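Shown next: protein.txt, containing compact mmCIF, N, CA and C atoms.
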```txt
# COMPACT_ATOMS: atom_id res chain seq x y z
N MET A 135 116.73 54.23 73.54
CA MET A 135 118.12 53.81 73.62
C MET A 135 119.06 55.02 73.44
N LYS A 136 118.70 55.88 72.47
CA LYS A 136 119.53 57.06 72.23
C LYS A 136 119.51 58.00 73.42
N ARG A 137 118.34 58.12 74.06
CA ARG A 137 118.24 58.99 75.24
C ARG A 137 119.08 58.46 76.38
N LEU A 138 119.08 57.16 76.57
CA LEU A 138 119.86 56.56 77.63
C LEU A 138 121.35 56.78 77.39
N LEU A 139 121.78 56.64 76.15
CA LEU A 139 123.18 56.88 75.80
C LEU A 139 123.54 58.35 75.99
N ALA A 140 122.63 59.25 75.60
CA ALA A 140 122.88 60.68 75.78
C ALA A 140 122.96 61.03 77.27
N LEU A 141 122.10 60.47 78.08
CA LEU A 141 122.14 60.71 79.52
C LEU A 141 123.43 60.17 80.14
N ALA A 142 123.87 59.01 79.68
CA ALA A 142 125.11 58.43 80.19
C ALA A 142 126.31 59.31 79.82
N LEU A 143 126.33 59.82 78.59
CA LEU A 143 127.41 60.71 78.17
C LEU A 143 127.38 62.02 78.95
N LEU A 144 126.20 62.55 79.20
CA LEU A 144 126.06 63.77 79.97
C LEU A 144 126.56 63.57 81.40
N ALA A 145 126.18 62.47 82.01
CA ALA A 145 126.63 62.16 83.37
C ALA A 145 128.15 62.01 83.42
N PHE A 146 128.73 61.36 82.43
CA PHE A 146 130.18 61.19 82.37
C PHE A 146 130.88 62.55 82.21
N ALA A 147 130.33 63.40 81.34
CA ALA A 147 130.93 64.73 81.12
C ALA A 147 130.84 65.58 82.38
N LEU A 148 129.72 65.52 83.08
CA LEU A 148 129.59 66.28 84.33
C LEU A 148 130.56 65.78 85.39
N THR A 149 130.75 64.48 85.45
CA THR A 149 131.70 63.92 86.41
C THR A 149 133.11 64.42 86.12
N LEU A 150 133.49 64.44 84.86
CA LEU A 150 134.82 64.94 84.50
C LEU A 150 134.96 66.42 84.79
N SER A 151 133.94 67.21 84.52
CA SER A 151 134.04 68.65 84.73
C SER A 151 134.12 68.99 86.21
N VAL A 152 133.41 68.26 87.06
CA VAL A 152 133.49 68.50 88.51
C VAL A 152 134.89 68.21 89.00
N ASN A 153 135.50 67.15 88.55
CA ASN A 153 136.86 66.81 88.97
C ASN A 153 137.88 67.81 88.46
N ALA A 154 137.61 68.40 87.31
CA ALA A 154 138.57 69.36 86.74
C ALA A 154 138.64 70.63 87.57
N PHE A 155 137.53 71.02 88.21
CA PHE A 155 137.51 72.26 88.97
C PHE A 155 137.60 72.05 90.48
N ALA A 156 137.78 70.83 90.91
CA ALA A 156 137.86 70.56 92.35
C ALA A 156 139.19 71.07 92.90
N ILE A 157 139.12 71.67 94.07
CA ILE A 157 140.33 72.12 94.75
C ILE A 157 140.93 70.91 95.44
N ASP A 158 142.25 70.79 95.33
CA ASP A 158 142.93 69.62 95.86
C ASP A 158 142.57 69.38 97.32
N PRO A 159 142.10 68.18 97.65
CA PRO A 159 141.69 67.89 99.02
C PRO A 159 142.91 67.74 99.94
N LEU A 160 142.75 68.21 101.14
CA LEU A 160 143.81 68.11 102.13
C LEU A 160 143.32 67.23 103.28
N PRO A 161 144.20 66.44 103.84
CA PRO A 161 143.79 65.51 104.90
C PRO A 161 143.66 66.18 106.28
N PHE A 162 142.53 66.85 106.52
CA PHE A 162 142.32 67.50 107.80
C PHE A 162 142.04 66.47 108.88
N GLN A 163 142.46 66.78 110.09
CA GLN A 163 142.27 65.86 111.21
C GLN A 163 140.82 65.88 111.70
N ASN A 164 140.16 67.05 111.59
CA ASN A 164 138.78 67.16 112.04
C ASN A 164 138.13 68.36 111.34
N THR A 165 136.84 68.54 111.57
CA THR A 165 136.13 69.64 110.91
C THR A 165 136.55 71.00 111.46
N ALA A 166 136.95 71.06 112.72
CA ALA A 166 137.41 72.34 113.29
C ALA A 166 138.66 72.82 112.57
N GLN A 167 139.56 71.91 112.27
CA GLN A 167 140.79 72.28 111.55
C GLN A 167 140.45 72.72 110.12
N ARG A 168 139.51 72.03 109.48
CA ARG A 168 139.09 72.42 108.13
C ARG A 168 138.44 73.80 108.15
N ASP A 169 137.59 74.06 109.14
CA ASP A 169 136.95 75.37 109.26
C ASP A 169 137.97 76.47 109.49
N ARG A 170 138.95 76.22 110.33
CA ARG A 170 140.02 77.19 110.59
C ARG A 170 140.79 77.48 109.31
N PHE A 171 141.12 76.44 108.56
CA PHE A 171 141.84 76.59 107.29
C PHE A 171 141.03 77.42 106.31
N GLN A 172 139.74 77.13 106.19
CA GLN A 172 138.89 77.87 105.25
C GLN A 172 138.75 79.33 105.67
N HIS A 173 138.59 79.57 106.96
CA HIS A 173 138.49 80.95 107.45
C HIS A 173 139.78 81.73 107.15
N LEU A 174 140.91 81.10 107.42
CA LEU A 174 142.21 81.76 107.21
C LEU A 174 142.45 82.03 105.73
N THR A 175 142.21 81.06 104.87
CA THR A 175 142.48 81.26 103.44
C THR A 175 141.45 82.18 102.79
N ARG A 176 140.30 82.36 103.43
CA ARG A 176 139.30 83.31 102.92
C ARG A 176 139.76 84.74 103.20
N GLU A 177 140.58 84.95 104.23
CA GLU A 177 141.07 86.28 104.59
C GLU A 177 142.30 86.70 103.78
N LEU A 178 142.84 85.80 102.98
CA LEU A 178 144.06 86.06 102.23
C LEU A 178 143.76 86.19 100.74
N ARG A 179 144.50 87.08 100.08
CA ARG A 179 144.30 87.37 98.66
C ARG A 179 145.23 86.51 97.82
N CYS A 180 144.71 85.99 96.72
CA CYS A 180 145.55 85.29 95.76
C CYS A 180 146.41 86.33 95.05
N MET A 181 147.69 86.16 95.04
CA MET A 181 148.59 87.14 94.45
C MET A 181 148.54 87.10 92.91
N VAL A 182 148.02 86.03 92.35
CA VAL A 182 147.90 85.93 90.89
C VAL A 182 146.57 86.53 90.43
N CYS A 183 145.48 86.11 91.06
CA CYS A 183 144.15 86.56 90.66
C CYS A 183 143.82 87.94 91.22
N GLN A 184 144.26 88.24 92.41
CA GLN A 184 144.12 89.52 93.11
C GLN A 184 142.70 89.87 93.50
N ASP A 185 141.69 89.40 92.80
CA ASP A 185 140.32 89.69 93.18
C ASP A 185 139.65 88.48 93.82
N GLU A 186 140.39 87.42 93.99
CA GLU A 186 139.85 86.21 94.60
C GLU A 186 140.60 85.90 95.88
N SER A 187 139.89 85.24 96.78
CA SER A 187 140.56 84.80 98.00
C SER A 187 141.44 83.61 97.66
N LEU A 188 142.34 83.32 98.56
CA LEU A 188 143.22 82.17 98.38
C LEU A 188 142.40 80.88 98.38
N LEU A 189 141.31 80.87 99.12
CA LEU A 189 140.45 79.69 99.18
C LEU A 189 139.75 79.45 97.84
N ALA A 190 139.29 80.50 97.19
CA ALA A 190 138.50 80.36 95.96
C ALA A 190 139.35 80.22 94.70
N SER A 191 140.58 80.65 94.75
CA SER A 191 141.41 80.67 93.55
C SER A 191 141.82 79.27 93.13
N ASN A 192 141.89 79.07 91.82
CA ASN A 192 142.33 77.79 91.27
C ASN A 192 143.71 77.91 90.61
N ALA A 193 144.39 79.03 90.84
CA ALA A 193 145.73 79.22 90.27
C ALA A 193 146.73 78.29 90.94
N ASP A 194 147.76 77.90 90.20
CA ASP A 194 148.79 77.02 90.76
C ASP A 194 149.46 77.64 91.98
N PHE A 195 149.70 78.94 91.93
CA PHE A 195 150.31 79.63 93.06
C PHE A 195 149.44 79.53 94.30
N ALA A 196 148.12 79.67 94.12
CA ALA A 196 147.19 79.56 95.25
C ALA A 196 147.20 78.14 95.82
N LYS A 197 147.28 77.16 94.96
CA LYS A 197 147.34 75.78 95.42
C LYS A 197 148.59 75.55 96.27
N GLN A 198 149.72 76.10 95.81
CA GLN A 198 150.97 75.96 96.57
C GLN A 198 150.87 76.65 97.93
N LEU A 199 150.30 77.86 97.94
CA LEU A 199 150.17 78.58 99.21
C LEU A 199 149.20 77.87 100.15
N ARG A 200 148.11 77.33 99.62
CA ARG A 200 147.19 76.58 100.47
C ARG A 200 147.89 75.39 101.10
N ARG A 201 148.71 74.71 100.31
CA ARG A 201 149.45 73.55 100.84
C ARG A 201 150.44 74.01 101.91
N GLN A 202 151.11 75.14 101.66
CA GLN A 202 152.06 75.69 102.64
C GLN A 202 151.35 76.04 103.94
N ILE A 203 150.20 76.66 103.83
CA ILE A 203 149.42 77.03 105.02
C ILE A 203 148.97 75.77 105.76
N PHE A 204 148.53 74.77 105.03
CA PHE A 204 148.13 73.52 105.66
C PHE A 204 149.30 72.90 106.42
N ASP A 205 150.47 72.88 105.79
CA ASP A 205 151.66 72.32 106.45
C ASP A 205 152.02 73.10 107.71
N MET A 206 151.91 74.42 107.65
CA MET A 206 152.20 75.24 108.83
C MET A 206 151.18 74.98 109.94
N MET A 207 149.94 74.75 109.57
CA MET A 207 148.94 74.41 110.57
C MET A 207 149.26 73.08 111.23
N GLN A 208 149.74 72.12 110.44
CA GLN A 208 150.11 70.82 110.98
C GLN A 208 151.30 70.91 111.93
N GLN A 209 152.14 71.94 111.71
CA GLN A 209 153.29 72.16 112.60
C GLN A 209 152.89 72.87 113.89
N GLY A 210 151.63 73.26 114.00
CA GLY A 210 151.15 73.90 115.21
C GLY A 210 151.24 75.41 115.21
N LYS A 211 151.46 76.01 114.05
CA LYS A 211 151.55 77.48 113.96
C LYS A 211 150.16 78.09 114.15
N SER A 212 150.12 79.26 114.77
CA SER A 212 148.87 79.98 114.95
C SER A 212 148.53 80.76 113.68
N ASP A 213 147.29 81.24 113.61
CA ASP A 213 146.88 82.04 112.46
C ASP A 213 147.75 83.29 112.34
N ARG A 214 148.06 83.93 113.48
CA ARG A 214 148.89 85.14 113.50
C ARG A 214 150.28 84.83 112.95
N GLU A 215 150.87 83.70 113.34
CA GLU A 215 152.20 83.33 112.84
C GLU A 215 152.17 83.07 111.33
N ILE A 216 151.13 82.42 110.88
CA ILE A 216 151.01 82.14 109.45
C ILE A 216 150.85 83.44 108.67
N LYS A 217 149.98 84.34 109.14
CA LYS A 217 149.80 85.62 108.46
C LYS A 217 151.08 86.45 108.49
N ASP A 218 151.78 86.46 109.61
CA ASP A 218 153.04 87.21 109.70
C ASP A 218 154.06 86.67 108.70
N TRP A 219 154.12 85.36 108.55
CA TRP A 219 155.06 84.76 107.60
C TRP A 219 154.70 85.17 106.17
N LEU A 220 153.40 85.14 105.86
CA LEU A 220 152.96 85.52 104.52
C LEU A 220 153.19 87.01 104.25
N VAL A 221 152.94 87.86 105.25
CA VAL A 221 153.16 89.30 105.07
C VAL A 221 154.64 89.59 104.90
N ALA A 222 155.50 88.91 105.65
CA ALA A 222 156.94 89.10 105.50
C ALA A 222 157.40 88.70 104.10
N ARG A 223 156.74 87.74 103.54
CA ARG A 223 157.14 87.24 102.23
C ARG A 223 156.48 87.99 101.07
N TYR A 224 155.21 88.38 101.22
CA TYR A 224 154.46 88.96 100.10
C TYR A 224 153.91 90.36 100.36
N SER A 225 154.19 90.96 101.48
CA SER A 225 153.73 92.29 101.90
C SER A 225 152.27 92.24 102.36
N THR A 226 151.77 93.36 102.84
CA THR A 226 150.41 93.40 103.38
C THR A 226 149.36 93.28 102.28
N PHE A 227 149.77 93.32 101.03
CA PHE A 227 148.82 93.19 99.93
C PHE A 227 148.11 91.83 99.96
N ILE A 228 148.74 90.84 100.56
CA ILE A 228 148.14 89.50 100.61
C ILE A 228 146.95 89.46 101.55
N LEU A 229 146.84 90.42 102.44
CA LEU A 229 145.72 90.47 103.38
C LEU A 229 144.55 91.23 102.77
N TYR A 230 143.35 90.68 102.88
CA TYR A 230 142.17 91.41 102.42
C TYR A 230 141.86 92.58 103.35
N ASP A 231 142.26 92.48 104.60
CA ASP A 231 142.00 93.53 105.59
C ASP A 231 143.35 93.98 106.16
N PRO A 232 144.13 94.77 105.40
CA PRO A 232 145.46 95.15 105.87
C PRO A 232 145.38 96.07 107.08
N PRO A 233 146.39 96.06 107.94
CA PRO A 233 146.37 96.91 109.13
C PRO A 233 146.57 98.38 108.75
N LEU A 234 146.08 99.26 109.62
CA LEU A 234 146.26 100.69 109.41
C LEU A 234 147.72 101.04 109.73
N ALA A 235 148.43 101.48 108.73
CA ALA A 235 149.84 101.82 108.86
C ALA A 235 150.15 102.95 107.87
N PRO A 236 151.28 103.62 108.01
CA PRO A 236 151.60 104.70 107.07
C PRO A 236 151.58 104.24 105.61
N ALA A 237 151.98 103.02 105.35
CA ALA A 237 152.02 102.52 103.98
C ALA A 237 150.61 102.24 103.43
N THR A 238 149.62 102.07 104.31
CA THR A 238 148.28 101.73 103.85
C THR A 238 147.27 102.87 104.05
N LEU A 239 147.74 104.06 104.37
CA LEU A 239 146.83 105.19 104.58
C LEU A 239 146.00 105.49 103.33
N ALA A 240 146.65 105.48 102.18
CA ALA A 240 145.92 105.75 100.93
C ALA A 240 144.87 104.67 100.67
N LEU A 241 145.18 103.46 101.02
CA LEU A 241 144.24 102.36 100.84
C LEU A 241 143.01 102.55 101.73
N TRP A 242 143.22 102.95 102.96
CA TRP A 242 142.13 103.11 103.91
C TRP A 242 141.32 104.39 103.67
N PHE A 243 142.01 105.49 103.37
CA PHE A 243 141.33 106.78 103.31
C PHE A 243 141.29 107.40 101.92
N GLY A 244 141.90 106.79 100.94
CA GLY A 244 141.93 107.34 99.59
C GLY A 244 140.57 107.46 98.95
N THR A 245 139.81 106.41 98.98
CA THR A 245 138.48 106.43 98.36
C THR A 245 137.54 107.41 99.06
N PRO A 246 137.46 107.41 100.39
CA PRO A 246 136.59 108.42 101.03
C PRO A 246 137.05 109.85 100.75
N ALA A 247 138.37 110.07 100.67
CA ALA A 247 138.87 111.42 100.40
C ALA A 247 138.49 111.87 98.99
N ILE A 248 138.59 110.98 98.03
CA ILE A 248 138.22 111.31 96.65
C ILE A 248 136.72 111.57 96.56
N ALA A 249 135.91 110.76 97.25
CA ALA A 249 134.46 110.95 97.24
C ALA A 249 134.09 112.29 97.88
N LEU A 250 134.74 112.63 98.99
CA LEU A 250 134.48 113.91 99.66
C LEU A 250 134.86 115.08 98.76
N ALA A 251 136.00 114.98 98.09
CA ALA A 251 136.42 116.04 97.17
C ALA A 251 135.41 116.20 96.03
N GLY A 252 134.89 115.10 95.54
CA GLY A 252 133.88 115.16 94.48
C GLY A 252 132.60 115.84 94.94
N VAL A 253 132.17 115.53 96.15
CA VAL A 253 130.97 116.16 96.70
C VAL A 253 131.18 117.66 96.86
N ILE A 254 132.35 118.07 97.34
CA ILE A 254 132.66 119.49 97.50
C ILE A 254 132.65 120.21 96.16
N VAL A 255 133.24 119.61 95.14
CA VAL A 255 133.25 120.21 93.81
C VAL A 255 131.82 120.37 93.28
N VAL A 256 130.99 119.36 93.45
CA VAL A 256 129.60 119.44 92.98
C VAL A 256 128.85 120.55 93.71
N ILE A 257 129.03 120.65 95.02
CA ILE A 257 128.35 121.69 95.80
C ILE A 257 128.79 123.08 95.35
N VAL A 258 130.09 123.28 95.16
CA VAL A 258 130.61 124.59 94.72
C VAL A 258 130.05 124.93 93.34
N LEU A 259 130.04 123.98 92.43
CA LEU A 259 129.51 124.25 91.08
C LEU A 259 128.02 124.56 91.11
N LEU A 260 127.26 123.87 91.93
CA LEU A 260 125.82 124.14 92.03
C LEU A 260 125.54 125.50 92.64
N ARG A 261 126.33 125.89 93.62
CA ARG A 261 126.13 127.21 94.24
C ARG A 261 126.44 128.33 93.26
N ARG A 262 127.48 128.16 92.46
CA ARG A 262 127.82 129.18 91.46
C ARG A 262 126.71 129.29 90.42
N ARG A 263 126.14 128.18 90.10
CA ARG A 263 125.15 128.14 89.03
C ARG A 263 123.81 128.72 89.48
N THR A 264 123.50 128.62 90.73
CA THR A 264 122.19 129.06 91.22
C THR A 264 122.25 130.39 91.96
N ARG A 265 123.18 131.26 91.61
CA ARG A 265 123.23 132.60 92.21
C ARG A 265 121.99 133.39 91.82
N PRO A 266 121.51 134.26 92.68
CA PRO A 266 120.34 135.08 92.32
C PRO A 266 120.64 135.95 91.10
N ALA A 267 119.61 136.24 90.34
CA ALA A 267 119.75 137.02 89.10
C ALA A 267 120.20 138.45 89.38
N SER A 268 119.90 138.99 90.56
CA SER A 268 120.29 140.37 90.86
C SER A 268 121.80 140.53 91.00
N THR A 269 122.52 139.46 91.32
CA THR A 269 123.96 139.58 91.48
C THR A 269 124.71 139.41 90.18
N ILE A 270 124.03 138.96 89.15
CA ILE A 270 124.67 138.78 87.86
C ILE A 270 124.63 140.12 87.13
N ALA A 271 125.79 140.59 86.73
CA ALA A 271 125.87 141.89 86.03
C ALA A 271 125.30 141.74 84.62
N GLU A 272 124.49 142.72 84.26
CA GLU A 272 123.91 142.68 82.93
C GLU A 272 124.92 143.21 81.93
N GLU A 273 124.94 142.54 80.80
CA GLU A 273 125.86 142.96 79.75
C GLU A 273 125.16 144.02 78.90
N PRO A 274 125.90 145.09 78.58
CA PRO A 274 125.29 146.08 77.70
C PRO A 274 125.16 145.49 76.30
N GLY A 275 124.10 145.76 75.68
CA GLY A 275 123.91 145.23 74.35
C GLY A 275 122.47 145.41 73.90
N ASP A 276 122.19 144.84 72.81
CA ASP A 276 120.85 144.95 72.25
C ASP A 276 119.87 144.08 73.01
N ASP A 277 118.70 144.65 73.28
CA ASP A 277 117.63 143.86 73.84
C ASP A 277 116.77 143.36 72.70
N TRP A 278 116.37 142.24 72.74
CA TRP A 278 115.55 141.69 71.67
C TRP A 278 114.16 141.87 72.01
```

Please rewrite the model in this file as structure tokens.
Amino acid sequence: MKRLLALALLAFALTLSVNAFAIDPLPFQNTAQRDRFQHLTRELRCMVCQDESLLASNADFAKQLRRQIFDMMQQGKSDREIKDWLVARYSTFILYDPPLAPATLALWFGTPAIALAGVIVVIVLLRRRTRPASTIAEEPGDDW
């Protein structure tokens, strides 16, 4: 009897926890529209979480933006129009794959440039360290 009660409580708790983390359902007309919505929101960054996509985020701001995107899709807007509206409002930071532009040069090439500079520094230091012994001037002093 105690096991049955414990199982019932566990099942009830799991049901509540699943509902607590569920993303608000939207009334899609078909699976193609749902797939388009998921693809689009996966390409956008949550401005609150910043490391999560808009699709995965559970922040209130993300919920509002998902609803806004859904409404724009219902109005017949294309993915490009929706992204342009979001970029105009929140800058290219909202895009996980921002376009190559003067403002995003550091984003695109900063990491490779820093890695290349690090490799060059390591090579220079190793070459200095491994010079032949004949080129190193001997210091006058006591020989042991």

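The interatomic distance for the pair atom CA of Met181 of chain A and atom C of Ile228 of chain A works out to 7.6 Å.
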
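Distances from A:Ile257, A:Ala190, A:Ala166, A:Leu160 to Phe204 of chain A were compared using all atoms listed in the file, and the smallest one belongs to A:Leu160.
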
**Prompt:** If you run DSSP on the backbone, which residues of chain A are helix (DSSP H, G or I), as an MDAnalysis selection string?
**Reply:** chainID A and resid 136:155 165:176 194:208 213:224 226:228 236:263 267:269

**Asked** DSSP on the backbone: what in chain A comes out strand (DSSP E or B), as a PyMOL selection string?
**Response** chain A and resi 178-179+187+229

**Fill in**
As a check of understanding: the span from atom CA of Pro159 of chain A to atom CA of Phe195 of chain A is 15.7 Å

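Between atom N of Leu250 of chain A and atom CA of Thr264 of chain A the separation is 22.1 Å.
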
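Each of A:Val253, A:Ile203, A:Ala140, A:Leu229 was checked against Glu177 of chain A using all atoms listed in the file; the smallest atom-to-atom distance is that of A:Leu229.
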